[in-house]
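Q: Pasting a structure here, questions to come.
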Amino acid sequence: MAITVGQVPLAELIGICGPGRVVSEHQALRTYESDGLLQYAVVPAAAVLPETAEEVAAVVRACHRAEVPWVARGAGTGLSGGALPVAEGVLISLARMRRILEIDLENQRIVVEPGVTNSEISAAVGPTHFYPPDPSSQIVCSIGGNVAENSGGVHCFKYGFTTNYVLGLDVVLPDGETVTLGGSELDRPGYDLLGTFVGSEGTLGVATRIILRVSPKPEATRTVVAYFDSPEQAGQVVSDVVAAGIVPGGMEIMDNLAIRATEAATHAGNPVDAGASLIIELDGSESECTARFDEVVSLCERNGANGIRIAADEAERQLIWKARKAAFAAMGRMSPNFYVQDGVIPRTRLPEVLRRIEDLGSEYGLRVANVFHAGDGNLHPLVLYDAAKHGESERAEELAGKIVEACVEAGGSLTGEHGIGVDKKRYMGKMFTEADLATFQRLRCAFDPDGRVNPGKVMPTPRLCGEVPGPYRQHPIEAAGLADRL
Ligand SMILES: Cc1cc2nc3c(=O)[nH]c(=O)nc-3n(C[C@H](O)[C@H](O)[C@H](O)COP(=O)(O)OP(=O)(O)OC[C@H]3O[C@@H](n4cnc5c(N)ncnc54)[C@H](O)[C@@H]3O)c2cc1C
């Protein structure tokens, strides 16, 4: 079996979307050349901006018939190159599909199109309800992208990730057929294809209609920030809070470099000489928050907190979160370039992994800022570098790779929420066996036998559908120099 790549059916795409929503001019196409991982850029042959599920299905059918690869794109905030286009392919932007289709608060449901932003969902069901998974990019990232990446955020320790809130999806499959996975009800019979699709990073089809569960807003929230000499002390508080049976809405750590960057960007009032800050937010009933809040504060004090700030009102609470959520963007104040890493470790291994990250930073001569979703053990080391300095980009990328390997060696994972994309596929073999990878590939081939949906992402080897699973063997297209094994 050989991969064939046909010609982009431009006239047909224009017939489907109209000339104003098909982009084929090189300079205009550069808008789509990268996602949030700017280290990679590919200009697609064409981009389309469908406005309805029917248009998406027609575009996919046209690509299928013409044997052209395609990539779905939400808001393009992904940090692993998941929405990186294919040079000879079509980029399908879902940015125009922004309608809220139905709100059913009695049954805690909302139905939306994929281009609706994460924040718009909470806004639509407020003030009584909210949508808990809250990536820091929530004001711009799309719910379709969240579904594809199984996105998380600061409130996922208590509330769970995107996968815990997606009840149903309409999906356009690679041949242009539309199927419904899941539905409005919980626990449908049959294989869990919904679970398979969530987190599949745009490799199985396009979600065009999304049914979500939303939660009633908690009656009360209490938010505290404690300051420490080191992130290790803050990490110990997190372990102690969990051991005490307290389940906060969020627990977030920033180290000194991250505090300094966010303070410069937001003026939130965090002390720039603190070694680490730990935000703990309790939410739930008034009585539950009150009962456990003093215990949380005293656990901070017992672990050496040298300052405690309690949010006096909603405005101060928002300011505290603003600083935390600005952490990635604020790094631009500390360094001309930075690489956002995303790994997971068991919470209890935090001190040793932090030491390893520090040692690696010294070895590579680069600064690393640390921001963590501490409750989930989800680290976001930010490797700072200057691309204008010879060799620094390569050193930064190598260091970021060593950090993620250290996470896996500590019993953790290659990614907590940003996905594998193009960026981390080379490390998949560190976490999965050949048999594991072959099983993933067989599943992917069941959806996309021609390998034309977001090709070159997630899987580390260029296996084709129909190849014999098992230990790796060189494929004829590799031998012909048409694909590389990474
Ligand atoms: C400043 C900043 C902070 C961030 N913070 C967080 C965070 O706290 N937590 C977190 O999880 N992530 C975070 N991210 C990463 C990113 O925002 C998320 O991964 C988000 O879900 C991507 O959504 P998007 O709409 O931008 O998707 P895109 O980047 O456009 O696409 C991401 C992937 O989804 C696929 N895709 C998009 N739409 C669809 C669809 N409708 N159907 C099928 N596949 C689709 C694409 O093909 C691609 O593989 C952050 C990013 C930035 C820049």
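Just remember, in the structure tokens the first chain shown is A, the second B, etc., residues are 1-based per chain, and ligands are 1-based in the order shown.
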Pick out the residues sitting within 7 Å of Arg209 of chain A, and hand them over as a PyMOL selection string; count only C-alpha atoms, and ignore anything fewer than 6 positions along from it in its own chain.

A: chain A and resi 112-114+169-170

Q: Those residues you just picked out, can you put them in a file as an mmCIF file, in the first residue's frame with all heavy atoms?

A:
data_model
loop_
_atom_site.group_PDB
_atom_site.id
_atom_site.type_symbol
_atom_site.label_atom_id
_atom_site.label_comp_id
_atom_site.auth_asym_id
_atom_site.auth_seq_id
_atom_site.Cartn_x
_atom_site.Cartn_y
_atom_site.Cartn_z
ATOM 1 N N VAL A 112 -22.737 22.776 21.663
ATOM 2 C CA VAL A 112 -22.041 23.891 20.994
ATOM 3 C C VAL A 112 -21.353 23.428 19.717
ATOM 4 O O VAL A 112 -21.090 22.235 19.529
ATOM 5 C CB VAL A 112 -20.962 24.525 21.918
ATOM 6 C CG1 VAL A 112 -21.580 25.147 23.149
ATOM 7 C CG2 VAL A 112 -19.890 23.512 22.299
ATOM 8 N N GLU A 113 -21.015 24.415 18.883
ATOM 9 C CA GLU A 113 -20.157 24.139 17.734
ATOM 10 C C GLU A 113 -18.688 24.196 18.202
ATOM 11 O O GLU A 113 -18.380 24.782 19.246
ATOM 12 C CB GLU A 113 -20.428 25.167 16.630
ATOM 13 C CG GLU A 113 -21.792 24.963 15.980
ATOM 14 C CD GLU A 113 -22.033 25.873 14.789
ATOM 15 O OE1 GLU A 113 -21.450 26.981 14.734
ATOM 16 O OE2 GLU A 113 -22.823 25.487 13.918
ATOM 17 N N PRO A 114 -17.779 23.610 17.409
ATOM 18 C CA PRO A 114 -16.407 23.434 17.909
ATOM 19 C C PRO A 114 -15.594 24.704 18.070
ATOM 20 O O PRO A 114 -14.629 24.737 18.831
ATOM 21 C CB PRO A 114 -15.759 22.522 16.856
ATOM 22 C CG PRO A 114 -16.577 22.711 15.620
ATOM 23 C CD PRO A 114 -17.966 22.969 16.095
ATOM 24 N N LEU A 169 -20.598 13.695 20.677
ATOM 25 C CA LEU A 169 -19.936 14.431 19.596
ATOM 26 C C LEU A 169 -20.524 14.013 18.262
ATOM 27 O O LEU A 169 -20.766 12.817 18.051
ATOM 28 C CB LEU A 169 -18.438 14.040 19.532
ATOM 29 C CG LEU A 169 -17.517 14.404 20.679
ATOM 30 C CD1 LEU A 169 -16.155 13.741 20.453
ATOM 31 C CD2 LEU A 169 -17.350 15.911 20.772
ATOM 32 N N ASP A 170 -20.718 14.975 17.368
ATOM 33 C CA ASP A 170 -20.890 14.626 15.956
ATOM 34 C C ASP A 170 -19.505 14.748 15.347
ATOM 35 O O ASP A 170 -18.835 15.776 15.527
ATOM 36 C CB ASP A 170 -21.835 15.607 15.251
ATOM 37 C CG ASP A 170 -23.292 15.295 15.558
ATOM 38 O OD1 ASP A 170 -23.549 14.319 16.306
ATOM 39 O OD2 ASP A 170 -24.165 16.030 15.063
#

Q: Env of segment 414-424 of chain A: 10 Å cut, atoms = only C-alpha atoms, seq-sep filter 6 positions within chain, self excluded. Answer as JSON, numbers by chain.

A: {"A": [37, 39, 40, 77, 78, 79, 80, 81, 82, 83, 84, 135, 146, 148, 149, 150, 151, 152, 153, 161, 162, 199, 200, 201, 202, 203, 340, 341, 342, 343, 344, 345, 373, 376, 377, 378, 379, 380, 397, 401, 403, 404, 405, 406, 407, 408, 430, 431, 454, 455, 456, 457, 458, 459, 460]}

Q: Tell me, which residues of segment 102-228 of chain A carry DSSP alpha helix (DSSP H), written as a list of chain:residue names?

A: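 Of segment 102-228 of chain A, the ones in alpha helix (DSSP H) are A:Asn118, A:Ser119, A:Glu120, A:Ile121, A:Ser122, A:Ala123, A:Ala124, A:Val125, A:Ile143, A:Gly144, A:Gly145, A:Asn146, A:Val147, A:Ala148, A:Glu149, A:Cys156, A:Phe157, A:Lys158, A:Tyr159, A:Leu193, A:Leu194, A:Gly195, A:Thr196, A:Phe197.
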
Q: Could you work out how far atom CA of Ala234 of chain A lies from atom CA of Glu263 of chain A, giving the answer in Å with one decimal?

A: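 Computing the Euclidean distance for atom CA of Glu263 of chain A and atom CA of Ala234 of chain A yields 18.8 Å.
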
Q: Which segment 171-249 of chain A residues have any atom within 9 Å of an atom of segment 54-64 of chain A, and for each, what is the nearest pair of atoms with distance in Å to one decimal, counting only C-alpha atoms, rows sorted by chain and number, as a Markdown table?

A:
| residue | atom | partner | partner_atom | distance |
| --- | --- | --- | --- | --- |
| A:Val172 | CA | A:Ala57 | CA | 5.9 |
| A:Leu173 | CA | A:Val60 | CA | 8.1 |
| A:Pro174 | CA | A:Val60 | CA | 6.6 |
| A:Asp175 | CA | A:His64 | CA | 5.6 |
| A:Gly176 | CA | A:Arg61 | CA | 4.4 |
| A:Glu177 | CA | A:Ala57 | CA | 6.8 |
| A:Thr178 | CA | A:Ala57 | CA | 7.1 |
| A:Val206 | CA | A:Val56 | CA | 8.2 |
| A:Thr208 | CA | A:Val56 | CA | 7.8 |

Q: Keeping only C-alpha atoms, take the residues you just selected and write them out as a compact mmCIF listing (two decimals), in the first residue's frame.

A:
# COMPACT_ATOMS: atom_id res chain seq x y z
CA VAL A 172 -16.94 13.91 10.41
CA LEU A 173 -14.86 10.82 9.66
CA PRO A 174 -11.94 10.84 7.19
CA ASP A 175 -14.18 9.68 4.31
CA GLY A 176 -16.65 12.53 4.97
CA GLU A 177 -19.30 10.43 6.68
CA THR A 178 -20.79 11.91 9.88
CA VAL A 206 -13.35 16.55 13.00
CA THR A 208 -18.58 19.48 14.51

Q: List as a list in words the protein and nucleic acid residues near Ile143 of chain A, meaning an atom at most 8 Å away when only C-alpha atoms are counted, but skip any in the same chain fewer than 3 places from it.

A: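 The filter keeps Gly74, Pro114, Gly115, Val116, Thr117, Asn118, Asn146 and Val147 of chain A.
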
Q: Restrict the selected residues to N, CA, C and O atoms and save them as a short mmCIF file (atom, residue, chain, number, x, y, z; two decimals), in the first residue's frame.

A:
data_model
loop_
_atom_site.label_atom_id
_atom_site.label_comp_id
_atom_site.auth_asym_id
_atom_site.auth_seq_id
_atom_site.Cartn_x
_atom_site.Cartn_y
_atom_site.Cartn_z
N GLY A 74 -8.45 24.67 15.50
CA GLY A 74 -9.39 25.45 16.29
C GLY A 74 -8.88 26.88 16.35
O GLY A 74 -8.91 27.61 15.36
N PRO A 114 -17.78 23.61 17.41
CA PRO A 114 -16.41 23.43 17.91
C PRO A 114 -15.59 24.70 18.07
O PRO A 114 -14.63 24.74 18.83
N GLY A 115 -15.99 25.79 17.37
CA GLY A 115 -15.18 27.00 17.45
C GLY A 115 -15.50 27.90 18.63
O GLY A 115 -14.84 28.93 18.84
N VAL A 116 -16.50 27.52 19.43
CA VAL A 116 -16.84 28.30 20.63
C VAL A 116 -15.66 28.25 21.60
O VAL A 116 -15.05 27.19 21.77
N THR A 117 -15.33 29.38 22.22
CA THR A 117 -14.17 29.35 23.13
C THR A 117 -14.58 28.74 24.47
O THR A 117 -15.76 28.75 24.84
N ASN A 118 -13.59 28.27 25.18
CA ASN A 118 -13.81 27.66 26.50
C ASN A 118 -14.52 28.64 27.43
O ASN A 118 -15.51 28.29 28.08
N ASN A 146 -9.98 21.76 22.71
CA ASN A 146 -9.96 21.17 24.06
C ASN A 146 -10.31 19.68 24.00
O ASN A 146 -9.70 18.86 24.67
N VAL A 147 -11.33 19.35 23.18
CA VAL A 147 -11.73 17.94 23.05
C VAL A 147 -10.59 17.13 22.44
O VAL A 147 -10.23 16.06 22.92
#

Q: From a backbone DSSP assignment, name each residue in segment 136-273 of chain A labelled strand (DSSP E), as a PyMOL selection string.

A: chain A and resi 166-172+178-182+206-213+215-216+220-228+250-255

Q: When distances are computed from only C-alpha atoms and all ligand atoms, which of A:Val8, A:Val68, A:Ala330, A:Val297 shows the smallest separation from ligand 1?

A: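 Of the candidates, the smallest distance to ligand 1 is held by A:Ala330.
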
Q: Can you list, as JSON, numbers by chain, every protein, DNA or RNA residue that comes within 9 Å of segment 352-360 of chain A when you count only C-alpha atoms, leaving out same-chain residues fewer than 5 positions away?

A: {"A": [231, 232, 345, 365, 366, 367, 368, 370, 381, 399, 402, 403, 406, 407, 410]}

Q: I'd like the neighbourhood of Arg444 of chain A as a list in words, where a residue qualifies if any of its atoms comes within 10 Å (using only C-alpha atoms), though same-chain residues fewer than 2 positions away should be ignored.

A: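 Contacts, in chain order: Thr196, Ser200, Thr203, Leu204, Ala438, Thr439, Phe440, Gln441, Arg442, Ala446, Phe447, Asp448, Pro449, Gly451, Val453, Met459 and Cys465 of chain A.
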
Q: Could you please determine the separation between atom 25 (O, counted along the ligand's line) of ligand 1 and atom CA of Gly195 of chain A in Å, to one decimal place?

A: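 So the answer is 18.8 Å.
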
Q: Name the residues in contact with segment 14-29 of chain A at a cut-off of 9 Å, using only C-alpha atoms, excluding same-chain residues fewer than 3 positions from it; report them as a list in words.

A: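 Skipping anything fewer than 3 positions along the chain leaves Pro9, Leu10, Ala11, Tyr32, Glu33, Val43, Pro44, Ala45, Ala46, Ala47, Val48, Leu49, Pro50, Glu51, Glu55, Val56, Ala58 and Val59 of chain A.
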
Q: Which residue gives the smallest distance to ligand 1 among A:Ala327, A:Ile253, A:Ala258, A:Val383, with only C-alpha atoms and all ligand atoms counted?

A: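 The shortest atom-to-atom distance to ligand 1 comes from A:Ala327.
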
Q: Show me, as a PyMOL selection string, the residues that have an atom within 9 Å of Ser136 of chain A when counting only C-alpha atoms, minus same-chain residues fewer than 2 positions from it.

A: chain A and resi 134+138-139+152-154+324-328

Q: How would the residues just chosen look if you wrote them out with N, CA, C and O atoms as a PDB file, in the first residue's frame?

A:
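Once written, again-v9.pdb looks like this:
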ATOM      1  N   ASP A 134     -10.543  24.364  32.736  1.00  0.00           N
ATOM      2  CA  ASP A 134     -10.240  25.774  32.442  1.00  0.00           C
ATOM      3  C   ASP A 134      -8.778  25.996  32.085  1.00  0.00           C
ATOM      4  O   ASP A 134      -7.993  26.488  32.887  1.00  0.00           O
ATOM      5  N   GLN A 138      -8.021  29.889  28.103  1.00  0.00           N
ATOM      6  CA  GLN A 138      -9.464  29.710  27.922  1.00  0.00           C
ATOM      7  C   GLN A 138     -10.172  30.844  27.198  1.00  0.00           C
ATOM      8  O   GLN A 138     -11.210  30.618  26.600  1.00  0.00           O
ATOM      9  N   ILE A 139      -9.631  32.059  27.234  1.00  0.00           N
ATOM     10  CA  ILE A 139     -10.364  33.130  26.552  1.00  0.00           C
ATOM     11  C   ILE A 139     -10.231  33.038  25.028  1.00  0.00           C
ATOM     12  O   ILE A 139     -11.000  33.636  24.303  1.00  0.00           O
ATOM     13  N   GLY A 152      -6.766  20.332  30.133  1.00  0.00           N
ATOM     14  CA  GLY A 152      -6.982  20.471  31.569  1.00  0.00           C
ATOM     15  C   GLY A 152      -6.803  21.915  31.971  1.00  0.00           C
ATOM     16  O   GLY A 152      -6.728  22.803  31.129  1.00  0.00           O
ATOM     17  N   GLY A 153      -6.708  22.148  33.259  1.00  0.00           N
ATOM     18  CA  GLY A 153      -6.524  23.509  33.741  1.00  0.00           C
ATOM     19  C   GLY A 153      -6.398  23.493  35.248  1.00  0.00           C
ATOM     20  O   GLY A 153      -6.279  22.425  35.863  1.00  0.00           O
ATOM     21  N   VAL A 154      -6.495  24.676  35.837  1.00  0.00           N
ATOM     22  CA  VAL A 154      -6.190  24.776  37.261  1.00  0.00           C
ATOM     23  C   VAL A 154      -7.238  24.092  38.132  1.00  0.00           C
ATOM     24  O   VAL A 154      -6.961  23.753  39.276  1.00  0.00           O
ATOM     25  N   ARG A 324      -1.415  33.937  37.806  1.00  0.00           N
ATOM     26  CA  ARG A 324      -1.074  32.540  37.494  1.00  0.00           C
ATOM     27  C   ARG A 324      -1.352  32.216  36.018  1.00  0.00           C
ATOM     28  O   ARG A 324      -0.539  31.569  35.353  1.00  0.00           O
ATOM     29  N   LYS A 325      -2.504  32.669  35.531  1.00  0.00           N
ATOM     30  CA  LYS A 325      -2.875  32.297  34.161  1.00  0.00           C
ATOM     31  C   LYS A 325      -2.045  33.040  33.112  1.00  0.00           C
ATOM     32  O   LYS A 325      -2.012  32.654  31.950  1.00  0.00           O
ATOM     33  N   ALA A 326      -1.360  34.104  33.561  1.00  0.00           N
ATOM     34  CA  ALA A 326      -0.521  34.853  32.617  1.00  0.00           C
ATOM     35  C   ALA A 326       0.884  34.272  32.523  1.00  0.00           C
ATOM     36  O   ALA A 326       1.730  34.803  31.797  1.00  0.00           O
ATOM     37  N   ALA A 327       1.136  33.181  33.255  1.00  0.00           N
ATOM     38  CA  ALA A 327       2.529  32.729  33.421  1.00  0.00           C
ATOM     39  C   ALA A 327       3.264  32.486  32.102  1.00  0.00           C
ATOM     40  O   ALA A 327       4.409  32.922  31.942  1.00  0.00           O
ATOM     41  N   PHE A 328       2.620  31.803  31.141  1.00  0.00           N
ATOM     42  CA  PHE A 328       3.357  31.496  29.899  1.00  0.00           C
ATOM     43  C   PHE A 328       3.660  32.794  29.144  1.00  0.00           C
ATOM     44  O   PHE A 328       4.803  33.038  28.758  1.00  0.00           O
TER      45      PHE A 328
END

Q: From the options A:Val214, A:Leu384, A:Ala123, A:Ala396, which residue's atoms come nearest to Gly160 of chain A, counting only C-alpha atoms?

A: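 Looking only at the distances to Gly160 of chain A, the closest residue turns out to be A:Val214.
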
Q: Could you tell me how far atom CA of Thr52 of chain A sits from atom 14 (N, counted along the ligand's line) of ligand 1, in Å to one decimal place?

A: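 We find that atom 14 (N, counted along the ligand's line) of ligand 1 and atom CA of Thr52 of chain A lie 25.7 Å from each other.
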
Q: May I ask which of the residues A:Lys322, A:Lys217, A:Arg426, A:Arg260 is the closest one to ligand 1, counting only C-alpha atoms and all ligand atoms?

A: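 Of the candidates, the smallest distance to ligand 1 is held by A:Lys322.
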